[in-house]
Each structure stands twice: as structure tokens, then as C-alpha cells.
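Text of model-v6.tsv, listed as TSV, C-alpha atoms:
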```
chain	number	residue	atom	x	y	z
A	1	MET	CA	6.02	6.19	87.81
A	2	ALA	CA	3.45	7.94	85.63
A	3	ILE	CA	2.21	5.96	82.63
A	4	SER	CA	0.21	7.70	79.93
A	5	SER	CA	-2.67	5.82	78.31
A	6	VAL	CA	-1.83	7.34	74.87
A	7	PRO	CA	1.37	8.62	73.27
A	8	ASP	CA	2.11	12.18	74.24
A	9	LEU	CA	1.38	14.96	71.74
A	10	LEU	CA	5.01	15.33	70.63
A	11	SER	CA	5.35	11.61	69.99
A	12	ALA	CA	2.11	11.52	68.03
A	13	ARG	CA	3.13	14.44	65.86
A	14	ARG	CA	6.52	12.87	65.22
A	15	PHE	CA	4.97	9.60	64.05
A	16	ASN	CA	2.41	11.41	61.91
A	17	ARG	CA	5.09	13.53	60.29
A	18	THR	CA	7.23	10.48	59.56
A	19	THR	CA	4.29	8.66	58.03
A	20	LEU	CA	3.39	11.66	55.89
A	21	GLU	CA	6.96	12.01	54.65
A	22	LEU	CA	7.07	8.32	53.76
A	23	ARG	CA	3.80	8.61	51.85
A	24	GLN	CA	5.05	11.65	49.95
A	25	ARG	CA	8.34	9.95	49.19
A	26	ILE	CA	6.60	6.80	47.98
A	27	GLU	CA	4.63	8.87	45.44
A	28	VAL	CA	7.80	10.50	44.13
A	29	VAL	CA	9.74	7.24	43.88
A	30	ALA	CA	6.81	5.46	42.26
A	31	GLN	CA	6.80	8.11	39.54
A	32	GLU	CA	10.57	7.81	39.10
A	33	ALA	CA	10.32	4.03	38.87
A	34	VAL	CA	7.80	4.36	36.04
A	35	THR	CA	9.31	7.31	34.11
A	36	GLY	CA	13.01	6.71	34.77
A	37	ARG	CA	13.30	10.44	35.42
A	38	ARG	CA	14.05	12.35	38.66
A	39	GLN	CA	11.04	14.28	39.92
A	40	ASP	CA	13.06	17.00	41.63
A	41	LEU	CA	15.01	18.50	38.71
A	42	THR	CA	16.50	21.23	40.89
A	43	GLU	CA	18.18	18.67	43.11
A	44	ALA	CA	19.05	16.33	40.23
A	45	THR	CA	20.69	19.10	38.18
A	46	ARG	CA	22.22	20.92	41.13
A	47	GLY	CA	20.25	24.01	40.20
A	48	SER	CA	20.86	23.85	36.43
A	49	VAL	CA	17.19	23.38	35.65
A	50	GLY	CA	17.27	25.79	32.70
A	51	GLN	CA	20.02	23.82	31.01
A	52	ALA	CA	18.06	20.59	31.50
A	53	HIS	CA	14.95	22.12	29.96
A	54	LEU	CA	16.94	23.37	26.98
A	55	LEU	CA	18.43	19.94	26.43
A	56	ASN	CA	15.01	18.33	26.65
A	57	LYS	CA	13.56	20.83	24.16
A	58	ALA	CA	16.44	20.19	21.76
A	59	VAL	CA	15.69	16.45	21.88
A	60	GLN	CA	11.97	17.09	21.31
A	61	ASP	CA	12.75	19.38	18.36
A	62	ILE	CA	14.91	16.68	16.81
A	63	ASP	CA	12.12	14.13	17.29
A	64	SER	CA	9.72	16.47	15.50
A	65	ARG	CA	12.18	16.93	12.63
A	66	LEU	CA	12.73	13.19	12.37
A	67	ASP	CA	8.97	12.61	12.22
A	68	LEU	CA	8.73	15.19	9.43
A	69	PHE	CA	11.60	13.54	7.57
A	70	LYS	CA	9.86	10.18	7.86
A	71	VAL	CA	6.63	11.60	6.39
A	72	SER	CA	8.53	13.32	3.56
A	73	ASP	CA	10.50	10.18	2.81
A	74	THR	CA	7.27	8.21	2.56
A	75	ARG	CA	5.78	10.76	0.16
A	76	ILE	CA	8.88	10.71	-2.03
A	77	SER	CA	8.86	6.91	-2.03
A	78	VAL	CA	5.20	6.81	-3.12
A	79	MET	CA	5.85	9.37	-5.88
A	80	ASN	CA	8.89	7.43	-7.09
A	81	GLN	CA	6.95	4.16	-7.16
A	82	THR	CA	4.17	5.88	-9.13
A	83	LEU	CA	6.58	7.16	-11.79
A	84	SER	CA	8.34	3.82	-11.95
A	85	GLY	CA	4.97	2.09	-12.33
A	86	ALA	CA	4.11	4.46	-15.18
A	87	ARG	CA	7.23	3.42	-17.07
A	88	GLN	CA	6.50	-0.25	-16.50
A	89	THR	CA	2.93	0.28	-17.70
A	90	MET	CA	4.17	1.73	-20.99
A	91	ASP	CA	6.36	-1.32	-21.55
A	92	SER	CA	8.33	0.41	-24.35
A	93	ILE	CA	5.23	1.10	-26.47
A	94	GLY	CA	7.13	3.90	-28.20
A	95	VAL	CA	9.55	1.39	-29.68
A	96	ARG	CA	7.12	-1.45	-30.25
A	97	VAL	CA	4.69	0.74	-32.18
A	98	LEU	CA	7.31	1.27	-34.90
A	99	THR	CA	7.95	-2.46	-35.08
A	100	ALA	CA	4.23	-3.14	-35.46
A	101	LEU	CA	3.95	-0.47	-38.14
A	102	GLY	CA	6.91	-1.89	-40.06
A	103	SER	CA	5.36	-5.35	-40.08
A	104	ASN	CA	2.29	-4.06	-42.01
A	105	SER	CA	0.14	-6.06	-39.61
A	106	ASP	CA	-3.29	-4.57	-39.04
A	107	ALA	CA	-3.77	-6.76	-35.99
A	108	GLY	CA	-0.45	-5.63	-34.54
A	109	VAL	CA	-1.21	-1.94	-35.12
A	110	ASP	CA	-4.72	-2.28	-33.69
A	111	THR	CA	-3.31	-3.99	-30.61
A	112	ILE	CA	-0.77	-1.20	-30.05
A	113	ILE	CA	-3.48	1.46	-30.43
A	114	GLN	CA	-5.64	-0.30	-27.84
A	115	GLU	CA	-2.67	-0.85	-25.51
A	116	ALA	CA	-1.73	2.84	-25.69
A	117	GLU	CA	-5.21	3.91	-24.56
A	118	THR	CA	-5.21	1.38	-21.72
A	119	SER	CA	-1.76	2.53	-20.57
A	120	LEU	CA	-2.85	6.17	-20.76
A	121	ARG	CA	-5.85	5.53	-18.56
A	122	THR	CA	-3.77	3.54	-16.07
A	123	ILE	CA	-1.04	6.18	-15.74
A	124	PHE	CA	-3.61	8.98	-15.61
A	125	SER	CA	-5.33	7.25	-12.70
A	126	SER	CA	-2.08	6.43	-10.87
A	127	LEU	CA	-1.09	10.12	-10.76
A	128	GLN	CA	-4.26	10.89	-8.80
A	129	ILE	CA	-2.68	9.20	-5.79
A	130	ASN	CA	-2.78	10.87	-2.39
A	131	GLN	CA	-1.26	10.28	1.00
A	132	GLY	CA	-3.56	11.13	3.84
A	133	ASN	CA	-5.26	14.30	2.66
A	134	ARG	CA	-2.45	15.41	0.32
A	135	ASN	CA	-2.56	14.88	-3.44
A	136	LEU	CA	1.07	14.23	-4.25
A	137	PHE	CA	1.14	15.43	-7.86
A	138	SER	CA	-0.96	18.60	-7.42
A	139	GLY	CA	1.85	21.02	-6.57
A	140	ASP	CA	0.80	23.52	-3.91
A	141	ALA	CA	-2.91	22.70	-4.38
A	142	THR	CA	-2.66	19.51	-2.37
A	143	ASN	CA	-6.36	19.54	-1.51
A	144	VAL	CA	-7.49	18.86	-5.10
A	145	SER	CA	-6.87	16.01	-7.54
A	146	PRO	CA	-4.16	16.88	-10.05
A	147	LEU	CA	-6.00	15.75	-13.17
A	148	GLY	CA	-9.48	16.06	-14.56
A	149	ASP	CA	-11.24	13.66	-16.95
A	150	VAL	CA	-9.07	11.38	-19.10
A	151	ASP	CA	-11.97	10.92	-21.53
A	152	GLN	CA	-11.98	14.68	-22.08
A	153	MET	CA	-8.30	14.66	-22.96
A	154	LEU	CA	-8.71	11.70	-25.32
A	155	SER	CA	-11.68	13.40	-26.96
A	156	ASP	CA	-9.68	16.62	-27.41
A	157	VAL	CA	-6.70	14.81	-28.94
A	158	ARG	CA	-8.93	12.74	-31.25
A	159	ALA	CA	-10.56	15.93	-32.49
A	160	ILE	CA	-7.16	17.47	-33.24
A	161	VAL	CA	-5.89	14.32	-34.96
A	162	SER	CA	-9.01	13.77	-37.05
A	163	ALA	CA	-8.98	17.38	-38.21
A	164	GLY	CA	-5.53	16.90	-39.78
A	165	PRO	CA	-4.92	17.75	-42.50
A	166	ASP	CA	-1.24	16.78	-42.14
A	167	THR	CA	1.22	15.68	-39.48
A	168	ALA	CA	2.84	19.11	-39.14
A	169	THR	CA	-0.52	20.75	-38.45
A	170	ILE	CA	-1.46	18.05	-35.96
A	171	ASP	CA	1.87	18.41	-34.13
A	172	ALA	CA	1.47	22.18	-33.94
A	173	ALA	CA	-2.06	21.86	-32.58
A	174	LEU	CA	-0.96	19.26	-30.03
A	175	GLU	CA	1.97	21.47	-29.00
A	176	THR	CA	-0.49	24.25	-28.24
A	177	TYR	CA	-2.87	21.89	-26.47
A	178	PHE	CA	-0.26	20.37	-24.14
A	179	ASN	CA	2.32	23.13	-23.64
A	180	ASP	CA	0.62	26.49	-24.07
A	181	PRO	CA	-0.57	27.97	-20.73
A	182	ALA	CA	-3.85	28.73	-22.48
A	183	GLY	CA	-4.01	25.28	-24.07
A	184	GLY	CA	-6.56	22.62	-23.30
A	185	PHE	CA	-4.35	20.59	-20.98
A	186	GLN	CA	-3.57	23.47	-18.61
A	187	THR	CA	-7.08	24.91	-18.67
A	188	THR	CA	-9.24	21.78	-18.51
A	189	ILE	CA	-7.14	18.72	-17.67
A	190	TYR	CA	-4.55	19.79	-15.09
A	191	GLN	CA	-6.37	20.78	-11.90
A	192	GLY	CA	-3.43	21.21	-9.50
A	193	GLY	CA	-1.56	24.30	-8.39
A	194	THR	CA	1.06	26.24	-10.30
A	195	GLY	CA	3.47	26.35	-7.35
A	196	SER	CA	5.54	23.71	-5.62
A	197	ALA	CA	4.39	21.75	-2.62
A	198	ASN	CA	5.98	22.61	0.72
A	199	SER	CA	9.71	22.00	0.82
A	200	ILE	CA	11.47	20.41	3.78
A	201	LEU	CA	13.98	22.20	6.00
A	202	LEU	CA	17.31	20.41	6.30
A	203	GLU	CA	20.40	21.08	8.38
A	204	GLY	CA	22.00	24.49	7.95
A	205	ASP	CA	18.63	26.08	7.14
A	206	THR	CA	18.72	24.70	3.59
A	207	ARG	CA	15.48	23.58	1.97
A	208	LEU	CA	14.86	20.51	-0.14
A	209	ASP	CA	12.26	20.68	-2.90
A	210	PHE	CA	11.07	17.27	-4.03
A	211	ASN	CA	8.06	18.48	-5.97
A	212	VAL	CA	6.81	16.71	-9.12
A	213	ARG	CA	3.54	17.96	-10.62
A	214	ALA	CA	1.24	16.15	-13.03
A	215	ASP	CA	1.87	18.91	-15.57
A	216	ASP	CA	5.63	18.26	-15.63
A	217	ALA	CA	7.04	18.35	-19.15
A	218	ALA	CA	8.00	14.66	-19.06
A	219	ILE	CA	4.57	13.57	-17.89
A	220	LYS	CA	2.88	15.69	-20.55
A	221	GLN	CA	5.09	14.13	-23.22
A	222	VAL	CA	4.02	10.68	-22.03
A	223	PHE	CA	0.36	11.74	-22.18
A	224	ARG	CA	0.85	13.27	-25.61
A	225	GLY	CA	2.62	10.25	-27.06
A	226	LEU	CA	0.12	7.73	-25.69
A	227	ALA	CA	-2.87	9.87	-26.70
A	228	MET	CA	-1.51	10.21	-30.24
A	229	ILE	CA	-1.06	6.48	-30.63
A	230	ALA	CA	-4.47	5.85	-29.06
A	231	ALA	CA	-6.01	8.27	-31.58
A	232	ALA	CA	-4.26	6.73	-34.57
A	233	ASP	CA	-7.50	5.06	-35.63
A	234	VAL	CA	-9.04	8.46	-36.50
A	235	THR	CA	-6.18	9.95	-38.53
A	236	PRO	CA	-7.11	11.26	-41.98
A	237	PHE	CA	-4.18	9.32	-43.43
A	238	GLU	CA	-4.24	6.02	-45.26
A	239	ARG	CA	-2.81	3.26	-43.12
A	240	TYR	CA	0.88	2.57	-43.80
A	241	SER	CA	1.22	5.76	-45.88
A	242	ASP	CA	4.16	8.12	-45.35
A	243	GLU	CA	1.94	10.55	-43.41
A	244	TYR	CA	0.62	7.71	-41.26
A	245	GLU	CA	4.17	6.58	-40.53
A	246	ALA	CA	5.24	10.16	-39.77
A	247	PHE	CA	2.34	10.48	-37.35
A	248	PHE	CA	3.40	7.32	-35.50
A	249	ASN	CA	7.02	8.48	-35.50
A	250	SER	CA	5.92	11.72	-33.82
A	251	GLY	CA	3.94	9.80	-31.20
A	252	SER	CA	6.87	7.45	-30.59
A	253	PHE	CA	9.28	10.41	-30.27
A	254	ASN	CA	7.15	12.08	-27.60
A	255	LEU	CA	6.63	8.83	-25.75
A	256	THR	CA	10.29	7.78	-25.64
A	257	ASN	CA	11.38	11.30	-24.65
A	258	GLY	CA	8.73	11.36	-21.96
A	259	GLU	CA	9.92	8.00	-20.67
A	260	SER	CA	13.49	9.34	-20.43
A	261	GLY	CA	12.11	12.36	-18.59
A	262	LEU	CA	10.40	10.10	-16.08
A	263	ILE	CA	13.72	8.42	-15.38
A	264	GLU	CA	15.25	11.83	-14.65
A	265	LEU	CA	12.38	12.66	-12.29
A	266	GLU	CA	12.86	9.34	-10.50
A	267	SER	CA	16.56	10.06	-10.20
A	268	GLY	CA	15.85	13.48	-8.69
A	269	LEU	CA	13.47	11.97	-6.15
A	270	GLY	CA	16.05	9.29	-5.32
A	271	ILE	CA	18.65	11.99	-4.63
A	272	ALA	CA	16.12	13.77	-2.42
A	273	GLN	CA	15.55	10.56	-0.46
A	274	GLN	CA	19.29	10.11	0.04
A	275	THR	CA	19.62	13.73	1.17
A	276	ILE	CA	16.87	13.19	3.73
A	277	ALA	CA	18.51	9.94	4.87
A	278	ASN	CA	21.79	11.80	5.43
A	279	SER	CA	20.01	14.47	7.47
A	280	GLN	CA	18.25	11.76	9.47
A	281	ASP	CA	21.59	10.17	10.32
A	282	THR	CA	23.02	13.54	11.40
A	283	LEU	CA	20.02	14.33	13.59
A	284	ALA	CA	19.95	10.83	15.07
A	285	SER	CA	23.60	11.18	16.12
A	286	ALA	CA	22.90	14.59	17.65
A	287	ARG	CA	19.91	13.15	19.47
A	288	ILE	CA	22.03	10.41	21.02
A	289	THR	CA	24.51	12.98	22.34
A	290	LEU	CA	21.85	15.34	23.68
A	291	SER	CA	19.81	12.51	25.22
A	292	ALA	CA	22.89	11.11	26.96
A	293	THR	CA	23.67	14.52	28.43
A	294	TYR	CA	20.08	15.06	29.54
A	295	ASN	CA	19.93	11.57	31.04
A	296	ASP	CA	23.15	12.14	32.95
A	297	MET	CA	21.50	15.15	34.55
A	298	THR	CA	17.97	13.85	35.17
A	299	ALA	CA	17.71	10.08	34.73
A	300	ARG	CA	16.86	7.73	37.60
A	301	ASP	CA	17.75	4.06	37.46
A	302	GLN	CA	14.37	2.32	37.44
A	303	PHE	CA	15.63	-0.81	39.17
A	304	GLU	CA	17.16	1.34	41.91
A	305	ALA	CA	13.91	3.29	42.21
A	306	SER	CA	11.94	0.04	42.44
A	307	ALA	CA	14.21	-1.20	45.24
A	308	GLU	CA	13.82	2.07	47.13
A	309	LEU	CA	10.05	1.90	46.60
A	310	LYS	CA	9.96	-1.54	48.19
A	311	ALA	CA	12.05	-0.36	51.13
A	312	ILE	CA	9.78	2.64	51.70
A	313	GLU	CA	6.71	0.39	51.60
A	314	VAL	CA	8.27	-1.73	54.34
A	315	GLN	CA	9.03	1.39	56.38
A	316	LEU	CA	5.52	2.71	55.88
A	317	GLU	CA	3.98	-0.60	57.00
A	318	ALA	CA	6.23	-0.57	60.06
A	319	SER	CA	5.21	3.01	60.83
A	320	TYR	CA	1.52	2.17	60.61
A	321	LEU	CA	2.00	-0.92	62.80
A	322	LEU	CA	4.00	0.92	65.43
A	323	THR	CA	1.50	3.77	65.56
A	324	ALA	CA	-1.34	1.29	66.04
A	325	ARG	CA	0.48	-0.51	68.85
A	326	LEU	CA	1.31	2.71	70.69
A	327	SER	CA	-2.32	3.81	70.53
A	328	GLU	CA	-3.25	0.63	72.39
A	329	LEU	CA	-0.63	1.12	75.14
A	330	THR	CA	-2.94	1.62	78.19
A	331	LEU	CA	-2.23	0.88	81.88
A	332	THR	CA	-4.48	-2.14	81.72
A	333	ASN	CA	-2.66	-3.58	78.71
A	334	PHE	CA	0.68	-2.81	80.38
A	335	ILE	CA	-0.31	-4.73	83.61
```
In C-alpha cells, what does this structure look like?
Amino acid sequence: MAISSVPDLLSARRFNRTTLELRQRIEVVAQEAVTGRRQDLTEATRGSVGQAHLLNKAVQDIDSRLDLFKVSDTRISVMNQTLSGARQTMDSIGVRVLTALGSNSDAGVDTIIQEAETSLRTIFSSLQINQGNRNLFSGDATNVSPLGDVDQMLSDVRAIVSAGPDTATIDAALETYFNDPAGGFQTTIYQGGTGSANSILLEGDTRLDFNVRADDAAIKQVFRGLAMIAAADVTPFERYSDEYEAFFNSGSFNLTNGESGLIELESGLGIAQQTIANSQDTLASARITLSATYNDMTARDQFEASAELKAIEVQLEASYLLTARLSELTLTNFI
């Protein structure tokens, strides 16, 4: 009987091939155990690889849209909080100023004048808010601050008020300053763009515009009313005179109308948030359906993959051990 000192060539190749296949399989299963996804999509989908890729892309597109919705919702929320904070800062000055005036109290009037300037500065500053690198109240010029120097605006309004000579003339001059495209507010104070910020694409290819600029009519009315009251100490009118009272009434009118306008802006932003929330719910439901379909085609149970990985490791160890033992099978060892 002939005994070979080493495995024959065929046997060696067979063991090497088996070991190589086990090593390749262990790499595949290890990946599947980590990712939960089949590595061989052709086999997993029975040849429908294109359909699997389309499903995966649809899920990724939805994820991108949901991320965009989340960013937009955050921006709207910040804008809404800013407008709400502006109203709280005013604390009904437009109404209280008339009460102070009716009481003939110099201290009360002086306090309201000072409070109006403080509120104006606070609101002016709050509208300069940005998120990331986007100025939220600058329209389509998101790379620049929406407003210039509040001291410049106060100085301009004080100059108009002090020039008088009557309330009608002051109101006309302030109307030009705040609402004429060539007026001081649009040319020196508002620094943002004249267009709307980017809208957001919703379902059905409809677009949602949630833009509020710092030159919105309501915001300008708030600025105008507060600036008038803040400049009441330089009017050419005698305190408590009819003209003085008419001046305060005009400031109060602008301020209360502006405050109502802010509420409308907040309401519009709230509706926009709800619209986005509805679209998020729709997309989330679609994502669940698409993900389930894609998983049915390509998913691999990670516990099952881990069990197979362990079994292959045992096989691979056995293959290495058997190969080593056969290599030592000489006639001397056999005897």
C-alpha cells in the first residue's frame, strides 16, 4: 500500500478552495450582520435590482425632504417667537400712552417716552436674528442684516417731529419716510432684499412661502409708532395741548395697528408650520411603506447573520485544523 507523505494535489486544492470560500463568505456575512442588508442584491431581489435601487432612492429623497422640512420649521418657529417677543416687549404701550397723557402726569408721560425708545431698540435688535448663515428677516438677501442703525432712524424721526409745524405735516413726512420707496427707511434703514426668501416645495409640486421681511407694513407701523412716542420730547407743541394729544393719538394708532399686524403675521407663520407638519406626516407614512417594501427585498436578519457568522468561523477553524493535520501526515507519523 502506497502512502503519500503529503496530501495529493487534488486534495490540497480542494481544501484551499473550501478555505477561500469560507473566508469570502465570512466577509459577506460580517457585512450583513452589521448593516442588516443583503450584499448580493441580485440574488436577494431575484434579479429586480433596478426596482430595489429605485425604492432606495425614493426613501433617500424623502429623508432629504424631511430634513428640509425640519430646517424650515425651525426657521418659522424662530421667526414666530421673534414677532411674539416684539409684541410682549411693547406691552400695550399704544394704549398706556393715552392713559398716561390723560392723567396729566409729567412723570408718567416721561416714563412712556423712555419705555417706547427702549422697546424700539429691543425689537430692532431682535429682528437682526439669524439661523446659521441666514438672516431670517432679510428677504432674499439672507447674507446681510435686515436693518441698519437704530440711532439713525431715531435721529431721522426726531428731526421730522421737531420740524413740525403741526401734526398733519409730521404725519405726512413720516408717511413718506416709512412707506415711500425713496423714503429714508427703505434707502438707509432697511438693508435686506426686495424679494422673498426661498420657498419650500410641498407635495403636489406646490410651494409654501413663509417669508416675513423687516420692512413689512406691520413692522414699519410698530417702528413708526414707537419712534413717534420716543420723539415726543422734541415736539414743537406745548405738553397736554390739543396738538400734543393729537400727536400721541397718531403714534398710538400706528402702534396698535402694527401690533394687530404682527398678530396676523404670526398667524400666517403658524399656518405655514401646520402645513409643513401635514406634509411631514404624509412623507413619513410614504417612507414607512417604501422602506418596508425595500426591506422585504433586501433586508437580512442581523441575528440570523450573526449566527451564520459564528457557524462559518467554526467551519473555518476546522478547515485550518484539518489542513494542518493532513500536512503532517508522513509515514513516520503514521507508524
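CA of Asp242 (chain A) sits 12.7 Å away from CA of Ala168 (chain A).
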Inset, instruction - Find the residue from A:Leu154, A:Ala163, A:Ala141, A:Leu262 that sits nearest to Leu226 (chain A); use all atoms listed in the file when measuring. - result: A:Leu154
Within 12 Å of region 272-282 of chain A using all atoms listed in the file, minus same-chain residues under 5 positions, as an mmCIF file with C-alpha atoms, in the coordinates of the input:
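File produced: out09.cif:
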```
data_model
loop_
_atom_site.group_PDB
_atom_site.id
_atom_site.type_symbol
_atom_site.label_atom_id
_atom_site.label_comp_id
_atom_site.auth_asym_id
_atom_site.auth_seq_id
_atom_site.Cartn_x
_atom_site.Cartn_y
_atom_site.Cartn_z
ATOM 1 C CA ILE A 62 14.910 16.680 16.810
ATOM 2 C CA ASP A 63 12.120 14.130 17.290
ATOM 3 C CA SER A 64 9.720 16.470 15.500
ATOM 4 C CA ARG A 65 12.180 16.930 12.630
ATOM 5 C CA LEU A 66 12.730 13.190 12.370
ATOM 6 C CA ASP A 67 8.970 12.610 12.220
ATOM 7 C CA LEU A 68 8.730 15.190 9.430
ATOM 8 C CA PHE A 69 11.600 13.540 7.570
ATOM 9 C CA LYS A 70 9.860 10.180 7.860
ATOM 10 C CA VAL A 71 6.630 11.600 6.390
ATOM 11 C CA SER A 72 8.530 13.320 3.560
ATOM 12 C CA ASP A 73 10.500 10.180 2.810
ATOM 13 C CA THR A 74 7.270 8.210 2.560
ATOM 14 C CA ARG A 75 5.780 10.760 0.160
ATOM 15 C CA ILE A 76 8.880 10.710 -2.030
ATOM 16 C CA SER A 77 8.860 6.910 -2.030
ATOM 17 C CA VAL A 78 5.200 6.810 -3.120
ATOM 18 C CA MET A 79 5.850 9.370 -5.880
ATOM 19 C CA ASN A 80 8.890 7.430 -7.090
ATOM 20 C CA SER A 199 9.710 22.000 0.820
ATOM 21 C CA ILE A 200 11.470 20.410 3.780
ATOM 22 C CA LEU A 201 13.980 22.200 6.000
ATOM 23 C CA LEU A 202 17.310 20.410 6.300
ATOM 24 C CA GLU A 203 20.400 21.080 8.380
ATOM 25 C CA GLY A 204 22.000 24.490 7.950
ATOM 26 C CA ASP A 205 18.630 26.080 7.140
ATOM 27 C CA THR A 206 18.720 24.700 3.590
ATOM 28 C CA ARG A 207 15.480 23.580 1.970
ATOM 29 C CA LEU A 208 14.860 20.510 -0.140
ATOM 30 C CA ASP A 209 12.260 20.680 -2.900
ATOM 31 C CA PHE A 210 11.070 17.270 -4.030
ATOM 32 C CA ASN A 211 8.060 18.480 -5.970
ATOM 33 C CA VAL A 212 6.810 16.710 -9.120
ATOM 34 C CA LEU A 265 12.380 12.660 -12.290
ATOM 35 C CA GLU A 266 12.860 9.340 -10.500
ATOM 36 C CA SER A 267 16.560 10.060 -10.200
ATOM 37 C CA ARG A 287 19.910 13.150 19.470
ATOM 38 C CA ILE A 288 22.030 10.410 21.020
ATOM 39 C CA THR A 289 24.510 12.980 22.340
#
```
Inset, instruction - Would you mind telling me which residue in A:Glu175, A:Phe223, A:Ser138, A:Glu238 lies nearest to Thr194 (chain A) when using only C-alpha atoms? - result: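 Of A:Glu175, A:Phe223, A:Ser138, A:Glu238, the one nearest Thr194 (chain A), counting only C-alpha atoms, is A:Ser138.
Taking CA of Thr167 (chain A) and CA of Val234 (chain A) as the two end points, the separation is 12.9 Å.
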Inset, instruction - Choose the residue, out of A:Ile170, A:Leu136, A:Ile229, A:Ala197, that has the smallest atom-to-atom separation from Ile113 (chain A); count only C-alpha atoms. - result: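 Selected residue with least distance to Ile113 (chain A): A:Ile229.
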Inset, instruction - Mind checking which residues fall within 6 Å of Gly94 (chain A), counting all atoms listed in the file, ignoring those fewer than 3 positions away in the same chain, and posting them as a ChimeraX atom specification? - result: /A:97,252,255-256
Inset, instruction - Name the residues in contact with Ala246 (chain A) at a cut-off of 12 Å, using all atoms listed in the file, excluding same-chain residues fewer than 2 positions from it; report them as an MDAnalysis selection string. - result: chainID A and resid 98 101 166:168 170:171 228:229 232 235 237:244 248:253
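As for CA of Gly225 (chain A) and CA of Gly268 (chain A), they are spaced 22.9 Å apart.
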